[in-house]
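Dumped structure16.txt below, it's compact mmCIF, C-alpha atoms:
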# COMPACT_ATOMS: atom_id res chain seq x y z
CA MET A 1 -17.92 -4.19 -15.72
CA ASP A 2 -14.42 -3.46 -14.43
CA GLU A 3 -12.92 -3.65 -17.93
CA ARG A 4 -15.32 -1.04 -19.26
CA LEU A 5 -14.66 1.25 -16.30
CA ILE A 6 -10.89 0.76 -16.61
CA ALA A 7 -11.04 1.67 -20.30
CA GLU A 8 -13.15 4.75 -19.54
CA ALA A 9 -10.88 5.80 -16.67
CA GLY A 10 -7.86 5.35 -18.94
CA LYS A 11 -9.41 7.87 -21.32
CA GLY A 12 -9.56 10.38 -18.48
CA ASN A 13 -13.14 9.83 -17.28
CA GLN A 14 -12.96 10.81 -13.60
CA ASN A 15 -16.39 9.36 -12.82
CA ALA A 16 -15.31 5.93 -14.09
CA LEU A 17 -12.21 6.02 -11.91
CA ALA A 18 -14.29 7.08 -8.91
CA ARG A 19 -16.71 4.20 -9.59
CA LEU A 20 -13.81 1.72 -9.81
CA LEU A 21 -12.44 2.88 -6.47
CA TYR A 22 -15.89 2.93 -4.87
CA GLU A 23 -16.51 -0.67 -5.90
CA ASN A 24 -13.14 -1.89 -4.64
CA TYR A 25 -13.08 0.06 -1.38
CA GLU A 26 -14.46 -2.84 0.65
CA ILE A 27 -11.88 -5.34 -0.67
CA VAL A 28 -9.00 -3.05 0.29
CA PHE A 29 -10.46 -2.25 3.70
CA LYS A 30 -11.06 -5.92 4.54
CA TYR A 31 -7.52 -6.75 3.46
CA LEU A 32 -6.02 -4.07 5.68
CA ILE A 33 -8.15 -4.67 8.75
CA LYS A 34 -6.81 -8.23 9.01
CA PHE A 35 -3.31 -6.86 9.49
CA THR A 36 -4.03 -3.74 11.50
CA LEU A 37 -6.97 -5.13 13.54
CA ASN A 38 -7.86 -1.50 13.98
CA LYS A 39 -10.75 0.10 12.13
CA ASN A 40 -9.43 3.67 12.16
CA ILE A 41 -5.97 2.74 10.92
CA ALA A 42 -7.45 0.47 8.26
CA GLU A 43 -9.74 3.28 7.08
CA ASP A 44 -6.88 5.77 6.93
CA MET A 45 -4.74 3.33 4.95
CA THR A 46 -7.61 2.53 2.59
CA GLN A 47 -8.01 6.24 1.93
CA GLU A 48 -4.25 6.53 1.32
CA THR A 49 -4.46 3.59 -1.08
CA MET A 50 -7.23 5.33 -3.02
CA VAL A 51 -5.18 8.52 -3.34
CA LYS A 52 -2.11 6.58 -4.48
CA ALA A 53 -4.21 4.65 -7.01
CA ILE A 54 -5.53 7.90 -8.52
CA GLU A 55 -2.01 9.33 -8.73
CA LYS A 56 -0.54 6.21 -10.32
CA PHE A 57 -3.51 5.04 -12.40
CA SER A 58 -1.64 5.71 -15.64
CA LEU A 59 0.82 2.96 -14.63
CA TYR A 60 -1.87 0.33 -14.14
CA ASN A 61 -1.72 -2.47 -16.69
CA SER A 62 -4.90 -4.52 -16.89
CA GLN A 63 -3.05 -7.29 -18.78
CA LYS A 64 -0.82 -7.86 -15.76
CA ALA A 65 -3.34 -7.99 -12.92
CA LYS A 66 -6.92 -7.37 -11.89
CA PHE A 67 -7.66 -3.88 -10.65
CA SER A 68 -8.40 -5.18 -7.15
CA THR A 69 -5.06 -7.05 -7.08
CA TRP A 70 -3.27 -3.87 -8.11
CA LEU A 71 -5.02 -1.95 -5.34
CA ILE A 72 -4.07 -4.66 -2.84
CA SER A 73 -0.42 -4.37 -3.86
CA ILE A 74 -0.57 -0.60 -3.21
CA ALA A 75 -2.27 -1.22 0.16
CA GLN A 76 0.39 -3.78 1.04
CA ASN A 77 3.17 -1.28 0.34
CA ILE A 78 1.41 1.35 2.41
CA TYR A 79 1.13 -1.13 5.29
CA ILE A 80 4.83 -2.06 5.00
CA ASP A 81 5.71 1.67 5.12
CA TYR A 82 3.53 1.96 8.20
CA LEU A 83 5.39 -0.95 9.84
CA ARG A 84 8.72 0.79 9.19
CA LYS A 85 7.33 4.04 10.55
CA ILE A 86 6.00 2.60 13.80
CA LYS A 87 9.26 0.74 14.27
CA ARG A 88 11.20 3.97 13.81
CA GLU A 89 8.92 6.10 15.94
CA LYS A 90 8.25 3.32 18.46
CA LYS A 91 4.58 4.26 18.35
CA TYR A 92 2.17 1.75 19.80
CA ILE A 93 -1.57 1.49 19.51
CA GLU A 94 -3.46 1.51 22.77
CA GLU A 95 -4.90 -1.94 23.30
CA ASP A 96 -8.14 -0.82 24.95
CA CYS A 97 -9.02 1.39 22.04
CA LEU A 98 -8.24 -1.45 19.68
CA LYS A 99 -10.49 -3.93 21.47
CA LEU A 100 -13.41 -1.54 21.58
CA GLU A 101 -13.15 -0.81 17.92
CA MET A 102 -12.92 -4.44 17.03
CA ARG A 103 -15.87 -5.54 19.06
CA GLU A 104 -18.20 -2.76 18.17
CA PRO A 105 -19.50 -4.06 14.83
CA PHE A 106 -19.88 -7.69 15.83
CA ASP A 107 -23.10 -9.06 17.21
CA GLU A 108 -22.94 -12.81 16.77
CA HIS A 109 -19.69 -14.57 17.57
CA ASP A 110 -18.47 -17.11 20.07
CA ASP A 111 -15.85 -16.72 22.78
CA SER A 112 -13.11 -18.53 20.90
CA TRP A 113 -13.26 -15.91 18.15
CA ASP A 114 -12.78 -13.18 20.75
CA ARG A 115 -9.85 -14.99 22.26
CA VAL A 116 -8.10 -15.57 18.93
CA MET A 117 -8.58 -11.93 17.92
CA ASP A 118 -7.28 -10.72 21.28
CA VAL A 119 -4.16 -12.86 20.97
CA LEU A 120 -3.62 -11.74 17.38
CA ALA A 121 -4.01 -8.11 18.45
CA GLN A 122 -1.38 -8.59 21.14
CA LEU A 123 1.18 -9.90 18.65
CA PRO A 124 3.71 -7.36 17.42
CA GLU A 125 2.66 -6.10 13.98
CA GLU A 126 5.93 -7.25 12.39
CA SER A 127 5.00 -10.82 13.42
CA ARG A 128 1.29 -10.63 12.69
CA PHE A 129 1.88 -9.46 9.12
CA PRO A 130 4.01 -12.43 7.97
CA LEU A 131 1.81 -14.86 9.93
CA ILE A 132 -1.34 -13.76 8.10
CA LEU A 133 0.41 -13.55 4.74
CA LYS A 134 1.72 -17.10 5.13
CA HIS A 135 -1.17 -18.92 6.73
CA TYR A 136 -4.18 -16.95 5.53
CA TYR A 137 -3.13 -15.72 2.08
CA GLY A 138 -0.73 -18.56 1.31
CA TYR A 139 2.35 -16.49 0.43
CA SER A 140 5.66 -18.34 0.31
CA LEU A 141 8.37 -17.52 2.84
CA GLU A 142 10.55 -16.14 0.05
CA GLU A 143 7.78 -13.82 -1.13
CA ILE A 144 7.27 -12.50 2.40
CA ALA A 145 11.01 -11.98 2.90
CA SER A 146 11.20 -10.02 -0.33
CA LEU A 147 8.08 -7.97 0.48
CA MET A 148 9.29 -7.03 3.94
CA SER A 149 12.95 -6.73 2.91
CA ILE A 150 14.10 -8.99 5.73
CA PRO A 151 16.12 -12.24 5.70
CA LEU A 152 14.32 -15.54 5.12
CA GLY A 153 15.41 -16.83 8.53
CA THR A 154 13.83 -13.84 10.26
CA VAL A 155 10.53 -14.50 8.46
CA LYS A 156 10.62 -18.17 9.51
CA SER A 157 11.35 -17.37 13.13
CA ARG A 158 8.77 -14.58 13.33
CA ILE A 159 6.04 -16.86 11.96
CA HIS A 160 7.11 -19.78 14.13
CA ASN A 161 7.18 -17.62 17.27
CA ALA A 162 3.86 -16.01 16.41
CA VAL A 163 2.14 -19.39 16.01
CA LYS A 164 3.76 -20.57 19.22
CA THR A 165 2.56 -17.49 21.11
CA VAL A 166 -0.99 -17.79 19.78
CA ARG A 167 -1.05 -21.49 20.62
CA LYS A 168 0.26 -20.91 24.14
CA GLU A 169 -2.26 -18.14 24.80
CA LEU A 170 -5.17 -20.22 23.53
CA GLU A 171 -4.32 -23.27 25.60
CA MET B 1 1.46 -34.00 18.57
CA SER B 2 3.18 -30.63 18.35
CA ASP B 3 2.49 -30.36 14.61
CA ARG B 4 -1.15 -31.25 15.13
CA GLY B 5 -1.44 -28.56 17.81
CA GLU B 6 0.18 -26.03 15.49
CA GLU B 7 -2.17 -26.96 12.66
CA LYS B 8 -5.13 -26.54 14.96
CA THR B 9 -3.91 -23.07 15.97
CA ILE B 10 -3.42 -22.07 12.35
CA GLN B 11 -6.90 -23.34 11.53
CA GLN B 12 -8.34 -21.30 14.40
CA ILE B 13 -6.55 -18.19 13.11
CA LYS B 14 -7.89 -18.78 9.60
CA GLU B 15 -11.45 -19.27 10.82
CA SER B 16 -11.29 -16.17 13.00
CA LEU B 17 -10.00 -14.07 10.12
CA ASP B 18 -12.76 -15.47 7.92
CA ILE B 19 -15.34 -14.37 10.49
CA LEU B 20 -13.71 -10.95 10.62
CA ASP B 21 -13.83 -10.77 6.82
CA ASN B 22 -17.49 -11.73 6.70
CA CYS B 23 -18.77 -9.72 9.64
CA VAL B 24 -16.80 -6.52 9.76
CA LYS B 25 -18.96 -3.50 9.01
CA VAL B 26 -17.40 -1.41 6.28
CA ASN B 27 -18.27 2.27 6.18
CA VAL B 28 -17.88 2.89 2.48
CA PRO B 29 -17.96 6.66 1.87
CA ASP B 30 -20.59 8.11 -0.49
CA PHE B 31 -19.87 7.89 -4.18
CA ALA B 32 -19.82 11.71 -4.26
CA GLN B 33 -16.80 11.66 -1.94
CA PHE B 34 -14.93 9.42 -4.37
CA THR B 35 -15.72 11.77 -7.26
CA GLN B 36 -14.51 14.68 -5.15
CA LEU B 37 -11.34 12.83 -4.17
CA VAL B 38 -10.53 11.93 -7.79
CA ALA B 39 -11.08 15.56 -8.87
CA GLN B 40 -8.88 16.86 -6.04
CA VAL B 41 -6.01 14.46 -6.69
CA GLU B 42 -6.18 15.04 -10.44
CA ASP B 43 -6.07 18.80 -9.82
CA LYS B 44 -3.03 18.45 -7.58
CA LYS B 45 -1.39 16.20 -10.18
CA ARG B 46 -1.99 18.77 -12.93
CA HIS B 47 -0.66 21.55 -10.71
CA ARG B 48 2.46 19.51 -9.89
CA MET B 49 3.07 18.73 -13.56
CA ASN B 50 2.71 22.42 -14.46
CA MET B 51 5.22 23.30 -11.75
CA GLN B 52 7.64 20.64 -13.00
CA PHE B 53 7.27 21.89 -16.56
CA SER B 54 7.86 25.51 -15.47
CA LEU B 55 10.94 24.47 -13.53
CA PHE B 56 12.19 22.53 -16.53
CA LEU B 57 11.69 25.58 -18.77
CA ILE B 58 13.50 27.88 -16.34
CA LEU B 59 16.44 25.48 -16.09
CA ALA B 60 16.52 25.02 -19.87
CA VAL B 61 16.58 28.79 -20.44
CA ILE B 62 19.38 29.24 -17.86
CA LEU B 63 21.40 26.44 -19.44
CA LEU B 64 20.86 27.74 -22.96
CA THR B 65 21.84 31.26 -21.91
CA PHE B 66 24.98 29.88 -20.31
CA GLU B 67 25.72 27.78 -23.40
CA PHE B 68 25.17 30.75 -25.66
CA TYR B 69 27.66 32.73 -23.59
CA ALA B 70 30.14 29.82 -23.52
CA PHE B 71 29.85 29.23 -27.27
CA TYR B 72 31.36 32.67 -27.96
CA ASN B 73 33.79 32.77 -25.04
CA SER B 74 35.03 29.30 -24.14
CA PHE B 75 34.89 26.27 -26.38
CA ILE B 76 36.00 23.98 -23.48
CA ILE B 77 33.14 25.05 -21.19
CA PHE B 78 30.69 24.77 -24.07
CA THR B 79 31.80 21.20 -24.89
CA THR B 80 31.90 20.17 -21.22
CA VAL B 81 28.32 21.31 -20.66
CA GLN B 82 27.22 19.56 -23.86
CA ILE B 83 28.83 16.28 -22.75
CA ALA B 84 27.42 16.62 -19.21
CA ALA B 85 23.94 17.26 -20.59
CA LEU B 86 24.21 14.25 -22.92
CA ALA B 87 25.39 12.02 -20.09
CA PHE B 88 22.71 13.27 -17.72
CA LEU B 89 19.87 12.67 -20.17
CA PRO B 90 19.65 8.83 -19.87
CA VAL B 91 20.43 8.95 -16.13
CA GLY B 92 17.75 11.57 -15.57
CA LEU B 93 15.21 9.63 -17.61
CA PHE B 94 16.00 6.44 -15.70
CA MET B 95 15.66 8.17 -12.31
CA TRP B 96 12.42 9.85 -13.36
CA SER B 97 10.87 6.57 -14.57
CA ARG B 98 11.96 4.80 -11.37
CA HIS B 99 10.40 7.53 -9.29
CA GLN B 100 7.16 7.27 -11.27
CA ARG B 101 6.94 3.50 -10.92
CA LYS B 102 8.04 3.43 -7.31
CA GLN B 103 5.95 1.21 -5.01
CA VAL B 104 3.29 0.38 -7.55
CA ASN B 105 4.79 -1.66 -10.30
CA ASN B 106 5.59 -4.70 -8.25
CA LEU B 107 3.10 -7.13 -9.73

Would you mind writing the file's structure down as structure tokens?
Amino acid sequence: MDERLIAEAGKGNQNALARLLYENYEIVFKYLIKFTLNKNIAEDMTQETMVKAIEKFSLYNSQKAKFSTWLISIAQNIYIDYLRKIKREKKYIEEDCLKLEMREPFDEHDDSWDRVMDVLAQLPEESRFPLILKHYYGYSLEEIASLMSIPLGTVKSRIHNAVKTVRKELE
Amino acid sequence: MSDRGEEKTIQQIKESLDILDNCVKVNVPDFAQFTQLVAQVEDKKRHRMNMQFSLFLILAVILLTFEFYAFYNSFIIFTTVQIAALAFLPVGLFMWSRHQRKQVNNL
């Protein structure tokens, strides 16, 4: 399905490209919400990812990676840019707003889930990002260091401290 | 003991993120909005390319006019501009391709 759409989109069929993006929207959103833990920010970044994908579609090589993987790599770069921006502007997300947004769509979940999500939400984003990349997506420390353009030691300590904080808060 | 505690924490994080992944409600926009977005971005892209091409043409005409003038008046200026243009060509192409591939071609 994807291959046919990619071929059509490559020929300039705008409907095929729109269909490709429509079908991969959920994957990108779910990837981003794990890092941002904020629905609005994740939606904005997903939208930005879609725009970037349309602009750069001519550079996509289906031999190199799946379309969804390519979109994820764009989303990842957008999130890294966002991390740099909030660091520079020292802009913080209001926690209350974040909690409300997170809890709104969930009906059935136990207390421990709430607690873990709360602790994760309280972690600084520059620690949450490497923690999830390492322990949820299985990235190597070197890959994370290269992605975030920070030294390997910083990655190690951020992940270690993040796990320690989560553990302490959950005890 | 410490390692086991850490593993348990990591497991809890993984499970919580799995729940988030499975339960989060995604508001996927209508397909029509995607079609509209693609058309808009493509339009902007075309407009930007036209602008770049126009700018390129203007610069080329200015340079050629200057070269035409230099060809009859100063051989040194003429040759200097020729060499500069030749040297700039690969550098310009390299910078342009880097700009185009920026942030996306990292797979």

Per residue of chain B within 7 Å of chain A, which atom pair is closest and at what distance in Å (one decimal), using all atoms listed in the file, listed by chain and increasing number, as a Markdown table?
| residue | atom | partner | partner_atom | distance |
| --- | --- | --- | --- | --- |
| B:Glu6 | CA | A:Val163 | CA | 6.9 |
| B:Thr9 | CA | A:Arg167 | CA | 5.7 |
| B:Ile10 | CA | A:His135 | CA | 6.8 |
| B:Ile13 | CA | A:Val116 | CA | 6.6 |
| B:Lys14 | CA | A:Tyr136 | CA | 5.8 |
| B:Ser16 | CA | A:Trp113 | CA | 5.5 |
| B:Leu17 | CA | A:Lys34 | CA | 6.7 |
| B:Asp21 | CA | A:Lys30 | CA | 6.0 |
| B:Cys23 | CA | A:Phe106 | CA | 6.6 |
| B:Val24 | CA | A:Pro105 | CA | 6.2 |
| B:Lys25 | CA | A:Pro105 | CA | 5.9 |
| B:Val26 | CA | A:Glu26 | CA | 6.5 |
| B:Val28 | CA | A:Tyr25 | CA | 6.8 |
| B:Phe31 | CA | A:Tyr22 | CA | 6.4 |
| B:Phe34 | CA | A:Ala18 | CA | 5.1 |
| B:Thr35 | CA | A:Ala18 | CA | 5.2 |
| B:Val38 | CA | A:Ala18 | CA | 6.2 |
| B:Ala39 | CA | A:Gln14 | CA | 7.0 |
| B:Val41 | CA | A:Glu55 | CA | 6.8 |
| B:Gln103 | CA | A:Asn77 | CA | 6.5 |
| B:Val104 | CA | A:Ile74 | CA | 5.9 |

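We find CA of Ile86 in chain A and CA of Pro130 in chain A to be spaced 16.2 Å apart.
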
Pairwise distance for CA of Met45 in chain A and CA of Ala145 in chain A, rounded to one decimal in Å
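Computed distance, CA of Met45 in chain A to CA of Ala145 in chain A, equals 22.1 Å.
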
Listed atoms of range 12-27 of chain B, axis-aligned box, 4 Å per side: centre and edge lengths to one decimal in Å, as lines of an AutoDock Vina configuration file?
center_x = -12.8
center_y = -9.5
center_z = 10.3
size_x = 20.4
size_y = 31.6
size_z = 16.2

Report the distance between CA of Leu152 in chain A and CA of Gln12 in chain B in Å, rounded to one decimal place.
25.2 Å

For range 76-91 of chain B, please output as number ranges by chain all residues within 6 Å (counting only C-alpha atoms; exclusion window: fewer than 4 positions along the same chain).
B: 67, 70-71

Taking (4.9, 2.8, 8.0) in the file's coordinates as the center, which residues reach within 12 Å of it, counting only C-alpha atoms, put as a ChimeraX atom specification?
/A:36,41,45,48,75-91,125-126,148
